[in-house]
Structures are given as C-alpha cells and as structure tokens.
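Asks: Can you keep this structure in mind? I'll have questions shortly.
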Amino acid sequence: LIATKVWAGSVREGREQIRRALDWYGGVVDLYQIHNLVAWREYLPYLEELRAAGTIRAIGITHYSSSAFDEMASIVESGRVSAIQIPLNPQEREVERRLLPLAAARGVGVVVMRPLGQGALARRAPAARELGFLAEHGLRTWAQALLNWGVSDPRVSVSIPATGRAAHMEDNCPVGRGRRFDAATR
C-alpha cells in the first residue's frame, strides 16, 4: 500500500506535489493525506476528483496537535475522508476522547503517529525484570510493548513508528506477529 501526504502552502505547489507523487508511484496512490490540515479546504475537493477518477483510493487528514482535533472531527463527520493520522501513545491520549470513537463509528481508518512519543517513551524503559509479561505476547522489548499498546486498541488500523535506524525497524517487526494486549493489559 502506498500512502503519502500533500503539505505545500500554495495550491499550485500542492497540485504539483501531488502530480509528482502520482508519477513516482506509477499513477495510483492508495491513501493520499492532507498533512497537518494545511490548506485542506483547497486540497480536499481536488483529492476527491482524483479519487473519483481512480487515481487515489482513499483520502485522509493528519495533525499532531490537540488544538486541531475539533476541526479534524468536523471533517470526519462530513464523510469526505476515510482515514485520519493522529498521535497516540500512553502519554498522548487526547484522541481517545472524541476522534477514536468518531472514527470507529464512521468506519474511518486510523494511522497512529508518535507511538513511541518521538522516542522519549522508548528511552525510559522499565527494568527488564518488569517486562516478563511480554513473552506471552511474542514480544520482548519496551519499544515493542509501546507499539503493541497502540495497535491493541481495536479502533487503530496501523502504527507508523518513525525511525531511520535498521536496528529499530527490526525491533519493531515482532509486533506485527505478536498477540495484542487485552484491555486489562493495555
């Protein structure tokens, strides 16, 4: 699946960004997101045209700040998007109040960003002796526990832990095969 974002400040530049991405990905993008709601009123109708033409399959919106969550909720309520990308981790849980229930009710996909709190939560791991419970879930590290915590929420579709380190990417992989936490374990 190919997912990308438009984030240019001007509509002309944004349309060019979209065209280049479509060229790069062979003419079809599965999920095209409006990043941080930048110029969303201008980009959304254009992305809807591309979706109708079959050039993109789904439209999403993203934002990292709770100050934008009410606006995101309004857009989700409009029925014009089929995915949202939002921060969710044990310390950033504002989306649990309104956006996650709304996404579930509307059948909107949820992409979780910052599942490790931009790395800060992973760096504050509990002692290894406290992580024994992870083995029954097919996991072994604190970072894996944090990733699994997010994707264990049934309203979450996928998590995107940002990293440029191969070792971190390899450490993330067992979460895909691991057993999800139940509500009590979460």
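Please note that chains go A, B, ... in the order of the structure tokens, that every chain numbers its residues from 1, and that ligands are numbered from 1 in the order shown.
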From a backbone DSSP assignment, name each residue in stretch 14-183 of chain A labelled strand (DSSP E or B), as a list in words.
Replies: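 DSSP on the backbone gives strand (DSSP E or B) at Val29, Asp30, Leu31, Tyr32, Gln33, Ile34, Ile56, Arg57, Ala58, Ile59, Gly60, Ile61, Thr62, Ala83, Ile84, Gln85, Ile86, Pro87, Asn89, Glu92, Gly109, Val110, Val111, Val112, Met113, Val158, Ser159 and Ile160 of chain A.
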Asks: Go ahead and write the selection's residues with C-alpha atoms as an mmCIF file, in the first residue's frame.
Replies:
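So the final result, stored in result_27.cif, reads:
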data_model
loop_
_atom_site.group_PDB
_atom_site.id
_atom_site.type_symbol
_atom_site.label_atom_id
_atom_site.label_comp_id
_atom_site.auth_asym_id
_atom_site.auth_seq_id
_atom_site.Cartn_x
_atom_site.Cartn_y
_atom_site.Cartn_z
ATOM 1 C CA VAL A 29 -1.787 6.169 -4.503
ATOM 2 C CA ASP A 30 -3.789 4.120 -2.007
ATOM 3 C CA LEU A 31 -4.020 6.799 0.692
ATOM 4 C CA TYR A 32 -3.410 10.481 -0.004
ATOM 5 C CA GLN A 33 -3.417 12.567 3.162
ATOM 6 C CA ILE A 34 -3.622 16.303 3.743
ATOM 7 C CA ILE A 56 -6.204 7.705 -5.477
ATOM 8 C CA ARG A 57 -8.145 5.180 -3.477
ATOM 9 C CA ALA A 58 -8.660 6.941 -0.144
ATOM 10 C CA ILE A 59 -8.310 10.423 1.330
ATOM 11 C CA GLY A 60 -7.008 11.146 4.794
ATOM 12 C CA ILE A 61 -6.131 14.033 7.050
ATOM 13 C CA THR A 62 -3.372 14.358 9.622
ATOM 14 C CA ALA A 83 -8.577 7.908 7.266
ATOM 15 C CA ILE A 84 -7.007 10.052 9.959
ATOM 16 C CA GLN A 85 -3.432 10.133 11.190
ATOM 17 C CA ILE A 86 -3.098 11.140 14.837
ATOM 18 C CA PRO A 87 -0.679 10.880 17.751
ATOM 19 C CA ASN A 89 0.806 6.687 22.961
ATOM 20 C CA GLU A 92 -0.661 11.394 24.359
ATOM 21 C CA GLY A 109 -9.154 4.144 9.329
ATOM 22 C CA VAL A 110 -6.721 5.314 11.997
ATOM 23 C CA VAL A 111 -2.994 5.715 11.404
ATOM 24 C CA VAL A 112 -1.127 6.237 14.669
ATOM 25 C CA MET A 113 1.869 8.551 14.651
ATOM 26 C CA VAL A 158 -1.883 0.808 11.727
ATOM 27 C CA SER A 159 1.011 2.434 13.554
ATOM 28 C CA ILE A 160 3.915 4.267 11.934
#
Asks: Quick one: pick out all alpha helix (DSSP H) residues within stretch 8-176 of chain A from a backbone DSSP run and write them as a CSV table (one decimal) with N, CA and C atoms, in the first residue's frame.
Replies:
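Output below, filename part32.csv:
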chain,number,residue,atom,x,y,z
A,11,VAL,N,-1.7,26.2,-3.3
A,11,VAL,CA,-2.5,25.2,-4.1
A,11,VAL,C,-1.7,24.8,-5.3
A,12,ARG,N,-1.1,25.8,-6.0
A,12,ARG,CA,-0.3,25.4,-7.2
A,12,ARG,C,0.8,24.5,-6.9
A,13,GLU,N,1.6,24.8,-5.8
A,13,GLU,CA,2.7,23.9,-5.4
A,13,GLU,C,2.2,22.6,-4.9
A,14,GLY,N,1.0,22.6,-4.2
A,14,GLY,CA,0.5,21.3,-3.8
A,14,GLY,C,0.0,20.4,-4.9
A,15,ARG,N,-0.6,21.0,-5.9
A,15,ARG,CA,-1.1,20.2,-7.0
A,15,ARG,C,0.2,19.6,-7.8
A,16,GLU,N,1.2,20.4,-7.8
A,16,GLU,CA,2.4,19.9,-8.5
A,16,GLU,C,3.0,18.7,-7.6
A,17,GLN,N,3.0,18.9,-6.3
A,17,GLN,CA,3.5,17.9,-5.4
A,17,GLN,C,2.7,16.6,-5.6
A,18,ILE,N,1.4,16.7,-5.7
A,18,ILE,CA,0.5,15.5,-5.9
A,18,ILE,C,0.8,14.9,-7.2
A,19,ARG,N,1.0,15.7,-8.3
A,19,ARG,CA,1.3,15.1,-9.6
A,19,ARG,C,2.6,14.4,-9.6
A,20,ARG,N,3.7,14.9,-9.0
A,20,ARG,CA,5.0,14.3,-8.9
A,20,ARG,C,4.8,13.0,-8.1
A,21,ALA,N,4.1,12.9,-7.0
A,21,ALA,CA,3.9,11.7,-6.3
A,21,ALA,C,3.2,10.7,-7.1
A,22,LEU,N,2.2,11.0,-7.8
A,22,LEU,CA,1.5,10.1,-8.6
A,22,LEU,C,2.4,9.5,-9.7
A,23,ASP,N,3.2,10.4,-10.3
A,23,ASP,CA,4.2,9.9,-11.3
A,23,ASP,C,5.1,8.9,-10.6
A,24,TRP,N,5.6,9.3,-9.5
A,24,TRP,CA,6.6,8.5,-8.8
A,24,TRP,C,6.1,7.1,-8.4
A,40,TRP,N,-6.4,22.5,3.7
A,40,TRP,CA,-7.3,21.4,3.4
A,40,TRP,C,-8.6,21.7,2.6
A,41,ARG,N,-9.1,22.9,2.8
A,41,ARG,CA,-10.3,23.3,2.0
A,41,ARG,C,-10.0,23.4,0.5
A,42,GLU,N,-8.8,23.7,0.2
A,42,GLU,CA,-8.4,23.7,-1.3
A,42,GLU,C,-8.1,22.3,-1.8
A,43,TYR,N,-7.3,21.5,-1.0
A,43,TYR,CA,-6.9,20.2,-1.4
A,43,TYR,C,-8.0,19.1,-1.4
A,44,LEU,N,-8.9,19.2,-0.5
A,44,LEU,CA,-9.9,18.1,-0.4
A,44,LEU,C,-10.7,18.0,-1.6
A,45,PRO,N,-11.2,19.1,-2.2
A,45,PRO,CA,-12.0,18.9,-3.5
A,45,PRO,C,-11.2,18.3,-4.6
A,46,TYR,N,-9.9,18.7,-4.7
A,46,TYR,CA,-9.0,18.2,-5.7
A,46,TYR,C,-8.8,16.7,-5.5
A,47,LEU,N,-8.5,16.3,-4.3
A,47,LEU,CA,-8.3,14.9,-4.0
A,47,LEU,C,-9.5,14.1,-4.2
A,48,GLU,N,-10.7,14.7,-4.0
A,48,GLU,CA,-12.0,14.0,-4.3
A,48,GLU,C,-12.1,13.7,-5.8
A,49,GLU,N,-11.7,14.7,-6.6
A,49,GLU,CA,-11.7,14.5,-8.0
A,49,GLU,C,-10.8,13.3,-8.4
A,50,LEU,N,-9.6,13.3,-7.8
A,50,LEU,CA,-8.7,12.2,-8.2
A,50,LEU,C,-9.2,10.9,-7.7
A,51,ARG,N,-9.9,10.9,-6.6
A,51,ARG,CA,-10.5,9.6,-6.1
A,51,ARG,C,-11.6,9.1,-7.0
A,52,ALA,N,-12.4,10.1,-7.5
A,52,ALA,CA,-13.5,9.7,-8.4
A,52,ALA,C,-12.9,9.2,-9.7
A,69,PHE,N,-7.9,18.9,16.8
A,69,PHE,CA,-8.7,17.7,16.8
A,69,PHE,C,-10.2,18.0,16.6
A,70,ASP,N,-10.7,19.2,17.0
A,70,ASP,CA,-12.1,19.5,16.8
A,70,ASP,C,-12.3,19.7,15.3
A,71,GLU,N,-11.4,20.4,14.6
A,71,GLU,CA,-11.5,20.6,13.2
A,71,GLU,C,-11.4,19.2,12.4
A,72,MET,N,-10.5,18.4,12.9
A,72,MET,CA,-10.5,17.0,12.3
A,72,MET,C,-11.8,16.3,12.5
A,73,ALA,N,-12.4,16.4,13.6
A,73,ALA,CA,-13.6,15.7,13.9
A,73,ALA,C,-14.7,16.2,13.0
A,74,SER,N,-14.8,17.5,12.7
A,74,SER,CA,-15.8,18.1,11.8
A,74,SER,C,-15.6,17.5,10.4
A,75,ILE,N,-14.3,17.4,10.0
A,75,ILE,CA,-14.1,16.8,8.6
A,75,ILE,C,-14.5,15.4,8.6
A,76,VAL,N,-14.2,14.6,9.6
A,76,VAL,CA,-14.6,13.2,9.6
A,76,VAL,C,-16.1,13.1,9.6
A,77,GLU,N,-16.8,14.0,10.4
A,77,GLU,CA,-18.2,14.0,10.4
A,77,GLU,C,-18.8,14.3,9.0
A,78,SER,N,-18.1,15.0,8.2
A,78,SER,CA,-18.6,15.3,6.9
A,78,SER,C,-18.7,14.1,5.9
A,99,LEU,N,-11.9,11.7,18.8
A,99,LEU,CA,-11.6,11.2,17.5
A,99,LEU,C,-11.6,9.7,17.3
A,100,LEU,N,-11.1,9.0,18.2
A,100,LEU,CA,-11.1,7.5,18.1
A,100,LEU,C,-12.6,7.0,18.1
A,101,PRO,N,-13.4,7.4,19.0
A,101,PRO,CA,-14.8,6.9,19.0
A,101,PRO,C,-15.5,7.3,17.6
A,102,LEU,N,-15.3,8.6,17.2
A,102,LEU,CA,-15.9,9.0,16.0
A,102,LEU,C,-15.4,8.2,14.8
A,103,ALA,N,-14.1,8.0,14.7
A,103,ALA,CA,-13.5,7.2,13.6
A,103,ALA,C,-14.1,5.8,13.6
A,104,ALA,N,-14.3,5.2,14.8
A,104,ALA,CA,-14.9,3.8,14.8
A,104,ALA,C,-16.3,3.9,14.4
A,105,ALA,N,-17.1,4.9,14.8
A,105,ALA,CA,-18.5,5.0,14.4
A,105,ALA,C,-18.7,5.2,12.9
A,106,ARG,N,-17.7,5.9,12.3
A,106,ARG,CA,-17.8,6.3,10.9
A,106,ARG,C,-17.1,5.3,10.0
A,120,ALA,N,11.0,9.4,23.1
A,120,ALA,CA,11.2,9.7,24.5
A,120,ALA,C,10.7,8.5,25.4
A,121,LEU,N,9.5,7.9,25.1
A,121,LEU,CA,9.0,6.9,25.9
A,121,LEU,C,9.9,5.6,25.8
A,122,ALA,N,10.4,5.3,24.6
A,122,ALA,CA,11.2,4.1,24.5
A,122,ALA,C,12.5,4.3,25.2
A,123,ARG,N,13.0,5.5,25.4
A,123,ARG,CA,14.3,5.7,26.2
A,123,ARG,C,14.1,5.6,27.7
A,142,TRP,N,10.7,-3.0,25.5
A,142,TRP,CA,9.8,-1.9,25.8
A,142,TRP,C,9.2,-1.2,24.6
A,143,ALA,N,10.0,-0.9,23.6
A,143,ALA,CA,9.5,-0.3,22.4
A,143,ALA,C,8.4,-1.2,21.7
A,144,GLN,N,8.6,-2.5,21.8
A,144,GLN,CA,7.6,-3.4,21.2
A,144,GLN,C,6.3,-3.3,22.1
A,145,ALA,N,6.5,-3.2,23.4
A,145,ALA,CA,5.3,-3.0,24.3
A,145,ALA,C,4.5,-1.7,23.9
A,146,LEU,N,5.3,-0.6,23.7
A,146,LEU,CA,4.6,0.6,23.4
A,146,LEU,C,3.9,0.5,22.0
A,147,LEU,N,4.5,-0.1,21.0
A,147,LEU,CA,3.9,-0.2,19.7
A,147,LEU,C,2.6,-1.1,19.9
A,148,ASN,N,2.7,-2.2,20.6
A,148,ASN,CA,1.6,-3.1,20.7
A,148,ASN,C,0.5,-2.4,21.5
A,149,TRP,N,0.8,-1.6,22.5
A,149,TRP,CA,-0.2,-0.8,23.2
A,149,TRP,C,-1.1,-0.1,22.3
A,150,GLY,N,-0.5,0.6,21.3
A,150,GLY,CA,-1.3,1.4,20.4
A,150,GLY,C,-2.2,0.6,19.5
A,151,VAL,N,-1.5,-0.4,18.8
A,151,VAL,CA,-2.3,-1.2,17.8
A,151,VAL,C,-3.3,-2.2,18.5
A,166,ALA,N,18.1,0.8,11.1
A,166,ALA,CA,17.7,-0.5,10.8
A,166,ALA,C,17.4,-1.4,12.0
A,167,ALA,N,18.2,-1.2,13.0
A,167,ALA,CA,18.0,-2.0,14.3
A,167,ALA,C,16.7,-1.7,14.9
A,168,HIS,N,16.2,-0.5,14.9
A,168,HIS,CA,14.9,-0.2,15.4
A,168,HIS,C,13.8,-0.8,14.5
A,169,MET,N,14.0,-0.7,13.2
A,169,MET,CA,13.0,-1.3,12.3
A,169,MET,C,12.9,-2.8,12.6
A,170,GLU,N,14.0,-3.5,12.8
A,170,GLU,CA,14.0,-4.9,13.0
A,170,GLU,C,13.3,-5.2,14.4
A,171,ASP,N,13.6,-4.3,15.4
A,171,ASP,CA,12.9,-4.5,16.7
A,171,ASP,C,11.4,-4.3,16.6
A,172,ASN,N,11.0,-3.5,15.7
A,172,ASN,CA,9.5,-3.2,15.6
A,172,ASN,C,8.8,-4.4,15.0
A,174,PRO,N,8.5,-7.8,15.4
A,174,PRO,CA,7.7,-8.8,16.1
A,174,PRO,C,6.3,-8.3,16.5
A,175,VAL,N,6.1,-7.0,16.6
A,175,VAL,CA,4.8,-6.5,17.0
A,175,VAL,C,3.7,-6.9,15.9
A,176,GLY,N,4.1,-7.0,14.7
A,176,GLY,CA,3.2,-7.4,13.6
A,176,GLY,C,2.7,-8.8,13.8
Asks: Using atom CA of A:Arg186 and atom CA of A:Pro90 as the two end points, give the distance in Å to one decimal.
Replies: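 Computing the Euclidean distance for atom CA of A:Arg186 and atom CA of A:Pro90 yields 9.3 Å.
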Asks: So what do you get for atom CA of A:Arg97 versus atom CA of A:Gly117, distance-wise?
Replies: 18.6 Å
